[in-house]
Structure formats: structure tokens, C-alpha cells
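Structure file target.txt (compact mmCIF, C-alpha atoms and all ligand atoms) follows.
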# COMPACT_ATOMS: atom_id res chain seq x y z
CA MET S 1 116.27 102.50 116.40
CA LYS S 2 113.52 100.72 118.29
CA SER S 3 110.21 100.98 116.45
CA TYR S 4 106.65 100.16 117.31
CA ASN S 5 105.76 99.84 113.62
CA VAL S 6 105.18 96.59 111.81
CA ASP S 7 108.22 94.43 110.95
CA GLU S 8 108.86 92.77 107.58
CA ASN S 9 106.99 89.63 108.70
CA GLY S 10 103.83 91.43 109.72
CA TYR S 11 104.52 91.40 113.47
CA TYR S 12 104.49 93.97 116.24
CA GLY S 13 106.74 92.34 118.82
CA GLU S 14 105.09 88.98 119.47
CA PHE S 15 101.72 90.06 118.05
CA GLY S 16 100.24 90.06 114.55
CA GLY S 17 101.08 87.78 111.64
CA ALA S 18 98.67 86.25 109.15
CA TYR S 19 96.95 83.08 110.30
CA VAL S 20 94.52 82.35 107.49
CA PRO S 21 92.96 79.17 106.09
CA GLU S 22 94.66 77.68 103.02
CA ILE S 23 91.83 78.88 100.77
CA LEU S 24 92.56 82.54 101.60
CA TYR S 25 96.33 82.27 101.44
CA LYS S 26 96.69 83.55 97.87
CA THR S 27 94.19 86.40 98.36
CA VAL S 28 95.94 87.68 101.49
CA GLU S 29 99.37 87.19 99.88
CA ASP S 30 98.27 89.25 96.82
CA LEU S 31 97.07 92.03 99.08
CA LYS S 32 100.29 91.93 101.08
CA ASN S 33 102.36 92.19 97.92
CA GLN S 34 100.36 95.06 96.43
CA TYR S 35 98.98 97.29 99.19
CA LEU S 36 102.04 99.48 99.78
CA THR S 37 102.78 100.01 96.10
CA ILE S 38 99.17 101.01 95.45
CA ILE S 39 98.71 103.17 98.55
CA GLU S 40 101.97 105.01 97.97
CA SER S 41 101.32 105.61 94.26
CA GLU S 42 100.69 109.18 93.16
CA GLU S 43 97.42 108.21 91.49
CA PHE S 44 96.00 106.63 94.64
CA GLN S 45 97.16 109.46 96.89
CA GLN S 46 95.62 112.05 94.59
CA GLU S 47 92.23 110.30 94.49
CA TYR S 48 92.24 109.44 98.20
CA ASN S 49 93.19 112.92 99.40
CA GLN S 50 90.71 114.58 97.07
CA LEU S 51 87.88 112.44 98.49
CA LEU S 52 89.02 113.04 102.07
CA LYS S 53 88.86 116.77 101.42
CA ASP S 54 85.74 117.20 99.29
CA TYR S 55 83.64 114.19 100.31
CA VAL S 56 84.57 113.52 103.95
CA GLY S 57 85.17 117.19 104.77
CA ARG S 58 88.74 116.96 106.03
CA PRO S 59 90.74 118.25 107.71
CA SER S 60 88.56 117.59 110.75
CA ALA S 61 88.70 120.39 113.32
CA LEU S 62 91.13 120.40 116.24
CA TYR S 63 88.98 122.16 118.81
CA TYR S 64 90.32 123.78 121.99
CA ALA S 65 87.76 122.80 124.65
CA LYS S 66 87.94 125.76 126.99
CA ARG S 67 85.54 124.73 129.74
CA MET S 68 86.79 121.15 129.89
CA SER S 69 90.40 122.43 129.95
CA GLU S 70 89.62 124.50 133.03
CA LYS S 71 87.91 121.58 134.71
CA TYR S 72 90.76 119.12 134.11
CA GLY S 73 93.67 121.55 134.55
CA CYS S 74 95.33 121.17 131.15
CA LYS S 75 95.06 122.43 127.56
CA LEU S 76 92.56 120.03 126.09
CA TYR S 77 92.09 119.77 122.35
CA LEU S 78 89.45 117.55 120.79
CA LYS S 79 90.19 115.98 117.40
CA ARG S 80 86.74 116.07 115.86
CA GLU S 81 86.32 112.86 113.83
CA ASP S 82 82.63 113.13 114.73
CA LEU S 83 82.38 115.89 112.11
CA ASN S 84 83.28 113.58 109.22
CA HIS S 85 80.71 112.56 106.63
CA THR S 86 78.86 109.51 108.05
CA GLY S 87 79.77 110.56 111.59
CA ALA S 88 82.98 108.77 112.55
CA HIS S 89 86.60 108.07 111.63
CA LYS S 90 85.62 104.81 109.85
CA ILE S 91 85.07 106.60 106.52
CA ASN S 92 88.82 107.44 106.17
CA ASN S 93 89.61 103.75 106.02
CA ALA S 94 86.59 102.69 103.94
CA ILE S 95 87.48 105.15 101.18
CA GLY S 96 91.07 103.93 101.10
CA GLN S 97 90.11 100.27 100.97
CA ILE S 98 87.50 100.63 98.24
CA LEU S 99 90.00 102.49 96.05
CA LEU S 100 92.41 99.63 96.67
CA ALA S 101 89.71 97.04 95.86
CA LYS S 102 89.01 98.73 92.54
CA LYS S 103 92.68 98.93 91.63
CA MET S 104 92.98 95.21 92.39
CA GLY S 105 90.07 94.43 90.05
CA LYS S 106 87.65 93.21 92.76
CA THR S 107 83.93 93.43 91.96
CA ARG S 108 82.17 92.68 95.25
CA ILE S 109 82.55 94.12 98.77
CA ILE S 110 81.87 92.53 102.15
CA ALA S 111 82.29 94.01 105.62
CA GLU S 112 81.55 93.32 109.28
CA THR S 113 80.14 95.89 111.63
CA GLY S 114 79.45 96.32 115.35
CA ALA S 115 77.92 99.72 116.07
CA GLY S 116 77.14 99.99 112.39
CA GLN S 117 79.54 102.88 111.75
CA HIS S 118 81.86 100.75 109.64
CA GLY S 119 78.86 99.21 107.88
CA VAL S 120 77.52 102.67 107.07
CA ALA S 121 80.94 103.87 105.91
CA THR S 122 81.33 100.81 103.68
CA ALA S 123 77.78 101.04 102.29
CA THR S 124 78.47 104.72 101.58
CA VAL S 125 81.65 104.16 99.59
CA CYS S 126 80.00 101.26 97.75
CA ALA S 127 77.18 103.57 96.66
CA LEU S 128 79.78 106.12 95.63
CA MET S 129 81.76 103.59 93.59
CA ASP S 130 78.79 101.52 92.34
CA MET S 131 79.88 98.25 93.97
CA PRO S 132 77.60 95.54 95.42
CA CYS S 133 77.94 95.34 99.20
CA ARG S 134 76.98 92.86 101.91
CA VAL S 135 77.42 93.81 105.58
CA TYR S 136 77.49 91.18 108.34
CA MET S 137 76.13 92.39 111.68
CA GLY S 138 75.27 90.52 114.88
CA ALA S 139 71.53 90.29 115.51
CA THR S 140 71.96 91.95 118.96
CA ASP S 141 73.65 94.91 117.29
CA VAL S 142 71.01 95.06 114.55
CA ALA S 143 68.50 95.62 117.36
CA ARG S 144 70.50 98.17 119.39
CA GLN S 145 71.84 100.24 116.47
CA ARG S 146 68.68 100.48 114.39
CA PRO S 147 69.30 103.92 112.78
CA ASN S 148 72.54 102.67 111.25
CA VAL S 149 70.85 99.53 109.91
CA GLU S 150 68.27 101.71 108.15
CA ARG S 151 71.01 103.92 106.73
CA MET S 152 72.90 100.94 105.29
CA LYS S 153 69.75 99.65 103.63
CA MET S 154 68.91 103.04 102.19
CA LEU S 155 72.44 103.21 100.79
CA GLY S 156 71.77 99.95 98.92
CA ALA S 157 73.73 97.49 101.04
CA GLU S 158 72.43 94.10 102.05
CA VAL S 159 72.54 93.78 105.86
CA PHE S 160 72.93 90.19 107.01
CA PRO S 161 71.97 89.63 110.69
CA VAL S 162 74.20 86.99 112.31
CA GLN S 163 72.53 84.67 114.83
CA SER S 164 75.56 82.79 116.28
CA GLY S 165 77.38 83.37 119.61
CA ASN S 166 76.10 86.39 121.49
CA LYS S 167 75.27 87.96 118.13
CA THR S 168 77.75 90.83 118.23
CA LEU S 169 80.91 91.94 116.43
CA LYS S 170 82.98 88.75 116.85
CA ASP S 171 80.17 86.68 115.36
CA ALA S 172 79.71 89.11 112.47
CA THR S 173 83.45 88.88 111.77
CA ASN S 174 83.35 85.05 111.76
CA GLU S 175 80.55 85.16 109.20
CA ALA S 176 82.34 87.71 107.00
CA ILE S 177 85.45 85.51 106.97
CA ARG S 178 83.30 82.51 105.99
CA ASP S 179 81.88 84.50 103.07
CA TRP S 180 85.40 85.58 102.04
CA CYS S 181 86.54 81.94 102.02
CA CYS S 182 83.73 81.13 99.54
CA HIS S 183 84.54 84.05 97.19
CA PRO S 184 88.25 84.79 97.55
CA ALA S 185 88.84 85.73 93.91
CA ASP S 186 86.25 88.46 93.25
CA THR S 187 85.49 89.72 96.79
CA PHE S 188 87.34 92.40 98.73
CA TYR S 189 86.82 92.26 102.49
CA ILE S 190 86.88 95.81 103.87
CA ILE S 191 87.90 95.31 107.50
CA GLY S 192 86.89 98.21 109.74
CA SER S 193 89.68 98.24 112.31
CA THR S 194 93.35 97.46 112.89
CA VAL S 195 92.57 93.76 113.24
CA GLY S 196 92.71 90.71 110.98
CA PRO S 197 95.67 89.11 109.23
CA HIS S 198 98.68 91.15 108.08
CA PRO S 199 98.59 93.45 106.10
CA TYR S 200 95.22 94.68 107.43
CA PRO S 201 96.40 96.24 110.72
CA ASP S 202 99.20 98.17 108.99
CA MET S 203 96.99 99.08 106.03
CA VAL S 204 94.17 100.39 108.24
CA ALA S 205 96.63 102.30 110.45
CA ARG S 206 98.09 103.99 107.36
CA LEU S 207 94.64 104.89 106.04
CA GLN S 208 93.74 106.40 109.43
CA SER S 209 97.12 108.13 109.86
CA VAL S 210 95.65 111.27 108.29
CA ILE S 211 94.33 111.97 111.81
CA SER S 212 97.78 112.42 113.33
CA LYS S 213 99.13 114.09 110.21
CA GLU S 214 96.51 116.78 110.71
CA ILE S 215 97.08 116.95 114.48
CA LYS S 216 100.74 117.82 113.76
CA GLU S 217 99.83 120.65 111.43
CA GLN S 218 97.00 121.94 113.61
CA LEU S 219 99.05 121.89 116.82
CA MET S 220 101.83 123.75 115.03
CA GLU S 221 99.34 126.42 114.10
CA GLN S 222 97.62 126.66 117.49
CA GLU S 223 100.41 125.82 119.96
CA GLY S 224 103.54 126.56 117.96
CA ARG S 225 104.82 123.02 118.33
CA GLU S 226 104.01 119.79 116.52
CA TYR S 227 103.64 117.38 119.41
CA PRO S 228 101.31 117.15 122.41
CA ASP S 229 102.21 115.85 125.86
CA TYR S 230 99.35 113.37 125.79
CA LEU S 231 97.38 111.59 123.09
CA MET S 232 94.16 109.96 124.20
CA ALA S 233 91.62 107.77 122.41
CA CYS S 234 89.19 104.93 122.92
CA ILE S 235 90.14 101.51 121.73
CA GLY S 236 88.04 98.71 120.29
CA GLY S 237 90.00 97.06 117.49
CA GLY S 238 92.29 100.08 117.60
CA SER S 239 91.84 102.07 114.39
CA ASN S 240 91.01 105.55 115.69
CA ALA S 241 93.76 105.16 118.29
CA ALA S 242 96.21 103.96 115.62
CA GLY S 243 95.39 106.95 113.42
CA THR S 244 95.74 109.33 116.35
CA ILE S 245 99.20 108.09 117.33
CA TYR S 246 100.59 107.01 113.94
CA HIS S 247 103.03 109.88 113.41
CA TYR S 248 104.03 109.99 117.09
CA ILE S 249 104.35 106.30 117.81
CA ASP S 250 108.14 106.35 118.12
CA ASP S 251 108.27 109.84 119.71
CA GLU S 252 108.57 109.07 123.40
CA ARG S 253 107.96 112.70 124.40
CA VAL S 254 104.32 111.95 123.68
CA LYS S 255 102.48 109.85 126.27
CA ILE S 256 99.72 107.59 124.96
CA VAL S 257 96.67 106.86 127.12
CA LEU S 258 93.85 104.67 125.79
CA GLY S 259 90.47 103.67 127.18
CA GLU S 260 89.10 100.18 126.57
CA ALA S 261 85.63 98.91 127.44
CA GLY S 262 85.40 97.81 131.07
CA GLY S 263 81.69 96.97 130.84
CA TYR S 264 80.49 96.41 134.43
CA GLY S 265 84.14 96.14 135.56
CA ILE S 266 87.15 93.95 134.80
CA ASP S 267 86.52 91.94 137.96
CA THR S 268 83.11 90.89 136.60
CA ALA S 269 82.18 88.53 133.73
CA GLU S 270 80.61 91.47 131.88
CA THR S 271 83.60 93.19 130.29
CA ALA S 272 85.46 93.65 127.00
CA ALA S 273 88.80 94.83 128.42
CA SER S 274 90.93 92.40 126.44
CA LEU S 275 94.24 94.23 126.89
CA ASN S 276 93.90 94.29 130.66
CA ILE S 277 92.58 90.75 131.15
CA GLY S 278 93.23 88.86 127.88
CA THR S 279 95.96 86.35 127.07
CA PRO S 280 97.75 85.74 123.75
CA GLY S 281 95.79 83.70 121.25
CA ILE S 282 94.80 83.67 117.61
CA LEU S 283 91.58 85.37 116.60
CA HIS S 284 90.42 86.43 113.15
CA GLY S 285 93.76 85.83 111.50
CA SER S 286 96.22 87.36 113.92
CA ARG S 287 98.00 86.73 117.20
CA ILE S 288 96.59 89.17 119.72
CA LYS S 289 95.42 89.41 123.31
CA VAL S 290 92.09 87.62 123.55
CA MET S 291 89.55 87.00 126.28
CA GLN S 292 89.57 83.22 126.44
CA ASP S 293 89.22 80.33 128.89
CA GLU S 294 91.89 77.64 129.60
CA ASP S 295 90.70 75.66 126.58
CA GLY S 296 91.15 78.65 124.27
CA GLN S 297 87.40 79.15 123.92
CA ILE S 298 86.46 82.79 123.46
CA ILE S 299 84.77 84.38 126.48
CA GLU S 300 81.79 86.42 125.25
CA PRO S 301 82.60 90.10 125.73
CA TYR S 302 80.24 92.73 127.02
CA SER S 303 80.15 96.52 126.68
CA ILE S 304 77.33 99.05 126.55
CA SER S 305 79.07 100.27 123.41
CA ALA S 306 78.54 98.04 120.37
CA GLY S 307 81.69 99.37 118.71
CA LEU S 308 83.89 98.21 121.60
CA ASP S 309 82.11 94.91 122.26
CA TYR S 310 84.88 92.64 120.90
CA PRO S 311 86.96 90.02 122.77
CA GLY S 312 90.34 91.14 121.36
CA THR S 313 92.37 94.19 120.36
CA GLY S 314 94.56 94.61 117.28
CA PRO S 315 98.25 93.62 117.38
CA ILE S 316 99.62 97.19 117.28
CA HIS S 317 98.05 97.98 120.64
CA CYS S 318 98.81 94.59 122.18
CA ASN S 319 102.46 95.44 121.61
CA LEU S 320 102.11 99.02 122.89
CA TYR S 321 100.43 97.67 126.02
CA GLU S 322 102.93 94.88 126.68
CA THR S 323 105.96 97.11 126.13
CA GLY S 324 104.49 99.85 128.31
CA ARG S 325 104.54 102.39 125.46
CA ALA S 326 100.82 102.98 126.00
CA THR S 327 98.80 103.09 129.20
CA VAL S 328 95.48 101.33 128.67
CA LEU S 329 92.79 101.83 131.30
CA PRO S 330 89.44 100.07 131.50
CA VAL S 331 86.47 102.43 131.43
CA ASN S 332 83.17 101.09 132.77
CA ASP S 333 79.73 101.69 131.25
CA ASP S 334 78.65 104.15 133.96
CA GLU S 335 81.86 106.18 133.63
CA ALA S 336 81.41 106.39 129.85
CA LEU S 337 77.78 107.51 130.19
CA LYS S 338 78.76 110.19 132.70
CA ALA S 339 81.50 111.45 130.38
CA ALA S 340 79.07 111.61 127.46
CA PHE S 341 76.69 113.84 129.40
CA GLU S 342 79.56 115.98 130.64
CA LEU S 343 80.85 116.73 127.13
CA THR S 344 77.32 117.37 125.94
CA ARG S 345 76.60 119.88 128.69
CA MET S 346 80.02 121.55 128.85
CA GLU S 347 80.92 121.81 125.17
CA GLY S 348 77.68 121.12 123.29
CA ILE S 349 79.02 117.99 121.59
CA ILE S 350 77.14 114.68 121.83
CA PRO S 351 79.83 112.00 121.41
CA ALA S 352 79.46 108.36 120.34
CA LEU S 353 79.39 105.92 123.24
CA GLU S 354 82.73 104.58 122.05
CA SER S 355 84.32 108.04 122.17
CA SER S 356 82.90 108.54 125.66
CA HIS S 357 85.32 105.82 126.76
CA ALA S 358 88.15 108.18 125.84
CA LEU S 359 86.53 111.17 127.54
CA ALA S 360 86.04 109.15 130.73
CA LEU S 361 89.83 108.86 131.01
CA LEU S 362 90.10 112.56 131.88
CA PRO S 363 89.01 112.27 135.54
CA LYS S 364 91.55 109.44 135.97
CA MET S 365 94.49 111.65 134.95
CA LYS S 366 96.78 114.06 136.80
CA PHE S 367 97.81 116.78 134.36
CA LYS S 368 100.11 119.78 134.74
CA ALA S 369 98.50 123.11 133.83
CA ASP S 370 100.57 123.55 130.65
CA ASP S 371 100.16 119.96 129.41
CA VAL S 372 98.84 119.86 125.86
CA VAL S 373 96.36 117.01 125.57
CA VAL S 374 94.80 115.85 122.30
CA LEU S 375 91.81 113.55 122.67
CA THR S 376 90.14 112.03 119.63
CA VAL S 377 86.35 112.13 119.53
CA SER S 378 86.01 109.17 117.19
CA GLY S 379 82.33 109.66 116.32
CA ARG S 380 79.08 111.40 117.05
CA GLY S 381 76.30 110.18 119.28
CA ASP S 382 73.25 110.17 117.01
CA LYS S 383 73.25 106.37 116.80
CA ASP S 384 73.35 106.13 120.60
CA MET S 385 70.48 108.46 121.44
CA GLU S 386 68.22 105.61 122.54
CA THR S 387 70.81 104.37 125.04
CA TYR S 388 71.58 107.88 126.26
CA LEU S 389 67.90 108.71 126.81
CA LYS S 390 67.42 105.53 128.84
CA HIS S 391 70.11 106.79 131.22
CA PHE S 392 69.27 110.46 131.08
CA GLN S 393 69.28 112.32 134.41
CA LYS S 394 68.80 116.04 134.62
C1 LIG H 401 84.10 101.53 115.47
C2 LIG H 401 84.23 102.66 116.36
C3 LIG H 401 85.19 102.67 117.41
C4 LIG H 401 86.06 101.49 117.75
O1 LIG H 401 86.90 101.07 116.75
P1 LIG H 401 88.45 101.40 116.69
O2 LIG H 401 88.91 100.60 115.54
O3 LIG H 401 89.05 100.96 117.98
O4 LIG H 401 88.59 102.84 116.46
C5 LIG H 401 85.31 103.81 118.16
N1 LIG H 401 84.52 104.88 117.96
C6 LIG H 401 83.58 104.91 116.99
C7 LIG H 401 82.75 106.11 116.83
C8 LIG H 401 83.40 103.80 116.17
O5 LIG H 401 82.48 103.83 115.23

As a first step, turn the structure in this file into C-alpha cells.
Amino acid sequence: MKSYNVDENGYYGEFGGAYVPEILYKTVEDLKNQYLTIIESEEFQQEYNQLLKDYVGRPSALYYAKRMSEKYGCKLYLKREDLNHTGAHKINNAIGQILLAKKMGKTRIIAETGAGQHGVATATVCALMDMPCRVYMGATDVARQRPNVERMKMLGAEVFPVQSGNKTLKDATNEAIRDWCCHPADTFYIIGSTVGPHPYPDMVARLQSVISKEIKEQLMEQEGREYPDYLMACIGGGSNAAGTIYHYIDDERVKIVLGEAGGYGIDTAETAASLNIGTPGILHGSRIKVMQDEDGQIIEPYSISAGLDYPGTGPIHCNLYETGRATVLPVNDDEALKAAFELTRMEGIIPALESSHALALLPKMKFKADDVVVLTVSGRGDKDMETYLKHFQK
């Protein structure tokens, strides 16, 4: 049977693989050889699920949004990852990876972060597990996501502002990889999305797959069937989307619609819509669609949302896009802002700017009245209040 899951070589169609410098080869190879055995072990599953339940607060609610359903002419359910401890889906993955790091005998944690949600999640699990933690963050993001920077520091992490490039997520990732190259033996790099060399995309997708596992159970309870007609999510590197679709990826009854960051529009230079306008290239250890010029130089991305401001998308979604399994639409800054205010006023939920890129897909869709739609709200909007208030209209 045709599958959209990873193959034995770490590829999704023509995307993925592990393109790492010689110095990291052994470290990545060790991880590749051990991650499945550890993750699938009873001991790991017991510890991981216990923490997801008692510490993160899972299962996260599947909320039937009545007013929004009426407006968009469908049955709209919101998968509430914004209700998780630390405010986004990132914590599911961070908990899994730190357990893995401990089982592999690592003693130091590094991470990259854009909006700061992954940095906060990583700093949180490092406090929990008593591990030293350094978080790389672009200086632009340090300035625009201040509350999360303060949280990381309070949690005991060292936040390292990165001054290269346009000082956002790509630059933070470069710096984290540089650090990893200097300390491959003792350091575990907790990557925050379905990006990076194999096995990271598959590992992160598995650690986020709890989202779709719960959707199945919750839909069964509320709708009497396990599958929706549509799954919708925003997409930066692809982890909340990967978790949302994981258990449905080969079930073609379920349509997948994803929103990537259009910025000012894909016909402008100010965009981060790498699936719509990128071309295949190698970035941060894997073959993906990248925004690049003819010489293979990365084009600096732009999005109002720090968590989506990245010039590539993970290999899982590159393959879903190229094969047509997923529809990926660009969502511009103004559309995302409008969607954020709409959810706030219609349902009393202030979403993260990233999640607003999923919500802004709704006006672009034509649903049938009995279509069951599950849309993942990847995080809450506290960190984005400053941006929202700047654009606030009554
Ligand atoms: C990081 C983040 C994203 C984007 O990352 P994905 O890996 O694509 O999920 C989306 N929403 C929130 C709230 C985030 O923190």
C-alpha cells in the first residue's frame, strides 16, 4: 500500500534524509538506531503518558465551536493545544525528547526557538528533569517575543540571542547546530519541529501523534465516527500539523488543508510560504522545499508570526504537498490577524498568531453542512498580545 510515512532510508518521497557534517555523523546515527526502541519501550511509554496526563493536562479538549460552525456552514471542532501547560503543542515533543536524552545518557540540552514556545517548553522540561539548558534565539525574536524570553530565564535556561542573518529562526537553528558540532557526545539537541536530519522529523511526528490519537477517540465519542472530513492546521516546520494528521495520513477519506505564512503575499519579497514558492534544497540536515535564489542562497523569510518565520518546511509536508495529499494555502498577515480577532470575539479564545494562520483558512473553504472539520489551535495568544494590540480595531 502507498504510504506517506517515512521509508527505511529516512525519506518521504524525494524529501528528507540526513545531511549532516562528518562530526555529527555518529551522534545522529546513534539516535537513528535507538529512537524507535526507546520510544516504543513500555518504560518510556509509561513515563511519557503519565507526564502528558498529569503535567501537560492531556487529553486536550476537542471543542465544538457552535457560533463559528454556523458562520462557516460545517461542524467545526477545535483541538485545543492552547490549553496545554506552557501554552502550545510544543511541550508534547519536548517531554518526549528529554526522556529520550536521559535514556541515552546525555547531560546537556540545547534548543532553537522562534516564537519562544519551543524554548519555553524545553526550558520547562529541563527544570523538571534538572538538566542544564541553552536556547538559541534570533535577536529579532528576542525583541518581539519578550514574555517568552523572561519565562525561559526564570525557568533557569540560558537564552543566547543570535545576531546573524535577519536574526530569526533560521539563524537560531544554524547556531544551535554549530553548538551541537562542538559537543556531540554529551549534548542532546531538542529540535522543536518536524525538521532536521532523519530521524528527527519522524521522531517529532510520533511524539506529537498523541494529538490525532485523541482526535480519533474524541470524535468517536462526539460524532460516533473516528474520522473527520477535514483536518486543518497551520504549518511552520510542520509539527502540530504532523501530530494532527498522523493517524489519518494514509486515510484518503480525510482531506488535509494547511495554512502556511504568506506574510505580505507570495507575490512579494516579504513571505515565508516555502511550500508554495520554494524549490528543493538542503537546509538544516534534510532535503526540503526551501526559499532560495539561483545560487542556492537562502532568501530571508518574513511573517508577522515568529513561529512561522522560517524559509523551509519539514520533509513530511513537502511530500504531502508535492503528491497533492495535502492542500497548502498561503495565509497573509492581515488575514491571520482578522481570524485571531474573529475567534476571540466569537468563541472567547485568543489564539497564537501561528494558529490564526489555520483559522484564516476557514473563509477560503467551501464546506457542506454536515462536513466534520477538526482544526488544531496550536497555541494561545498571550505571547502575541503586543502585536494584537497594535492592530486592534473595535
Ligand atoms: C512553533 C509553533 C508553530 C509552528 O510550528 P509547527 O512545527 O509547524 O507546528 C505553530 N503554532 C504555535 C503555537 C507554535 O508555538

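Distances from S:His391, S:Lys26, S:Arg134, S:Lys255 to S:Met152 were compared using all atoms listed in the file, and the smallest one belongs to S:Arg134.
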
Counting all atoms listed in the file, the residue of S:Ile110, S:Leu231, S:Leu52, S:Leu337 that sits nearest S:Val210: S:Leu52

Where's the centre, and what are the edge lengths in Å to one decimal, of a box along x, y and z enclosing all listed atoms of ligand LIG 401 (chain H) padded 4 Å per side, as lines of an AutoDock Vina configuration file?
center_x = 85.8
center_y = 103.4
center_z = 116.7
size_x = 14.6
size_y = 13.5
size_z = 10.9

Contacts of stretch 31-40 of chain S within 8 Å, all atoms listed in the file, excl. fewer than 5 positions in-chain, as a ChimeraX atom specification: /S:45,100,103,198-199,203

Selection export as a CSV table (one decimal), in the frame of the given file, atoms kept: C-alpha atoms:
chain,number,residue,atom,x,y,z
S,45,GLN,CA,97.2,109.5,96.9
S,100,LEU,CA,92.4,99.6,96.7
S,103,LYS,CA,92.7,98.9,91.6
S,198,HIS,CA,98.7,91.2,108.1
S,199,PRO,CA,98.6,93.4,106.1
S,203,MET,CA,97.0,99.1,106.0

Which residues of stretch 283-307 of chain S come within 10 Å of stretch 264-275 of chain S, and for each one, what is the closest pair of atoms and their distance in Å to one decimal, counting all atoms listed in the file, sorted by chain and residue number, as a Markdown table?
| residue | atom | partner | partner_atom | distance |
| --- | --- | --- | --- | --- |
| S:Ile288 | CA | S:Leu275 | CA | 9.1 |
| S:Lys289 | CA | S:Leu275 | CA | 6.1 |
| S:Val290 | CA | S:Ser274 | CA | 5.7 |
| S:Met291 | CA | S:Ser274 | CA | 5.6 |
| S:Gln292 | CA | S:Ser274 | CA | 9.3 |
| S:Ile299 | CA | S:Ala269 | CA | 8.7 |
| S:Glu300 | CA | S:Ala272 | CA | 8.3 |
| S:Pro301 | CA | S:Ala272 | CA | 4.7 |
| S:Tyr302 | CA | S:Thr271 | CA | 4.7 |
| S:Ser303 | CA | S:Thr271 | CA | 6.0 |
| S:Ile304 | CA | S:Tyr264 | CA | 8.9 |
| S:Ser305 | CA | S:Ala272 | CA | 9.9 |

Residue nearest S:Tyr310 - candidates S:Val125, S:Leu343, S:Val195, S:Cys181, atoms counted: all atoms listed in the file: S:Val195

Give me the chain S side of the contact with ligand LIG 401 (chain H), cut-off 6 Å, one line per residue showing its nearest atom pair and distance in Å at one decimal, counting only C-alpha atoms and all ligand atoms, sorted by chain and residue number, as JSON lines.
{"residue": "S:Ala88", "atom": "CA", "partner": "H:LIG401", "partner_atom": "C7", "distance": 5.0}
{"residue": "S:Gln117", "atom": "CA", "partner": "H:LIG401", "partner_atom": "O5", "distance": 4.7}
{"residue": "S:Ser193", "atom": "CA", "partner": "H:LIG401", "partner_atom": "O2", "distance": 4.1}
{"residue": "S:Ile235", "atom": "CA", "partner": "H:LIG401", "partner_atom": "O3", "distance": 3.9}
{"residue": "S:Gly236", "atom": "CA", "partner": "H:LIG401", "partner_atom": "O3", "distance": 3.4}
{"residue": "S:Gly237", "atom": "CA", "partner": "H:LIG401", "partner_atom": "O3", "distance": 4.0}
{"residue": "S:Gly238", "atom": "CA", "partner": "H:LIG401", "partner_atom": "O3", "distance": 3.4}
{"residue": "S:Ser239", "atom": "CA", "partner": "H:LIG401", "partner_atom": "O2", "distance": 3.5}
{"residue": "S:Asn240", "atom": "CA", "partner": "H:LIG401", "partner_atom": "O4", "distance": 3.7}
{"residue": "S:Ala241", "atom": "CA", "partner": "H:LIG401", "partner_atom": "O4", "distance": 6.0}
{"residue": "S:Gly307", "atom": "CA", "partner": "H:LIG401", "partner_atom": "C1", "distance": 4.6}
{"residue": "S:Leu308", "atom": "CA", "partner": "H:LIG401", "partner_atom": "C4", "distance": 5.5}
{"residue": "S:Ala352", "atom": "CA", "partner": "H:LIG401", "partner_atom": "C7", "distance": 5.3}
{"residue": "S:Glu354", "atom": "CA", "partner": "H:LIG401", "partner_atom": "N1", "distance": 4.5}
{"residue": "S:Ser355", "atom": "CA", "partner": "H:LIG401", "partner_atom": "N1", "distance": 5.3}
{"residue": "S:Ser378", "atom": "CA", "partner": "H:LIG401", "partner_atom": "C7", "distance": 4.5}
{"residue": "S:Gly379", "atom": "CA", "partner": "H:LIG401", "partner_atom": "C7", "distance": 3.6}

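When all atoms listed in the file are used to compute distances to S:Arg178, the closest of the residues S:Val254, S:Ala358, S:Met365, S:Val20 turns out to be S:Val20.
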
Selected residue of minimal separation from S:Gln46 among S:Ala339, S:Leu99, S:Leu329, S:Ala139, counting all atoms listed in the file: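 Among the listed residues, the smallest separation from S:Gln46 belongs to S:Leu99.
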
Residues within 9 Å of S:Thr323, all atoms listed in the file, excluding chain neighbours under 4 positions, as a PyMOL selection string: chain S and resi 13+318-319

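Of the residues under consideration (S:Lys366, S:Ile256, S:Thr194, S:Glu335), S:Thr194 shows the shortest atom-to-atom contact distance to S:Gly312 when counting all atoms listed in the file.
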
d(atom CA of S:Val159, atom CA of S:Met137) in Å: 7.0 Å

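The coordinates place atom CA of S:Leu76 at 14.8 Å from atom CA of S:Arg225.
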
Length of the atom CA of S:Tyr246 to atom CA of S:Ile95 vector [Å]: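 About the pair atom CA of S:Tyr246 and atom CA of S:Ile95: they are 18.4 Å apart.
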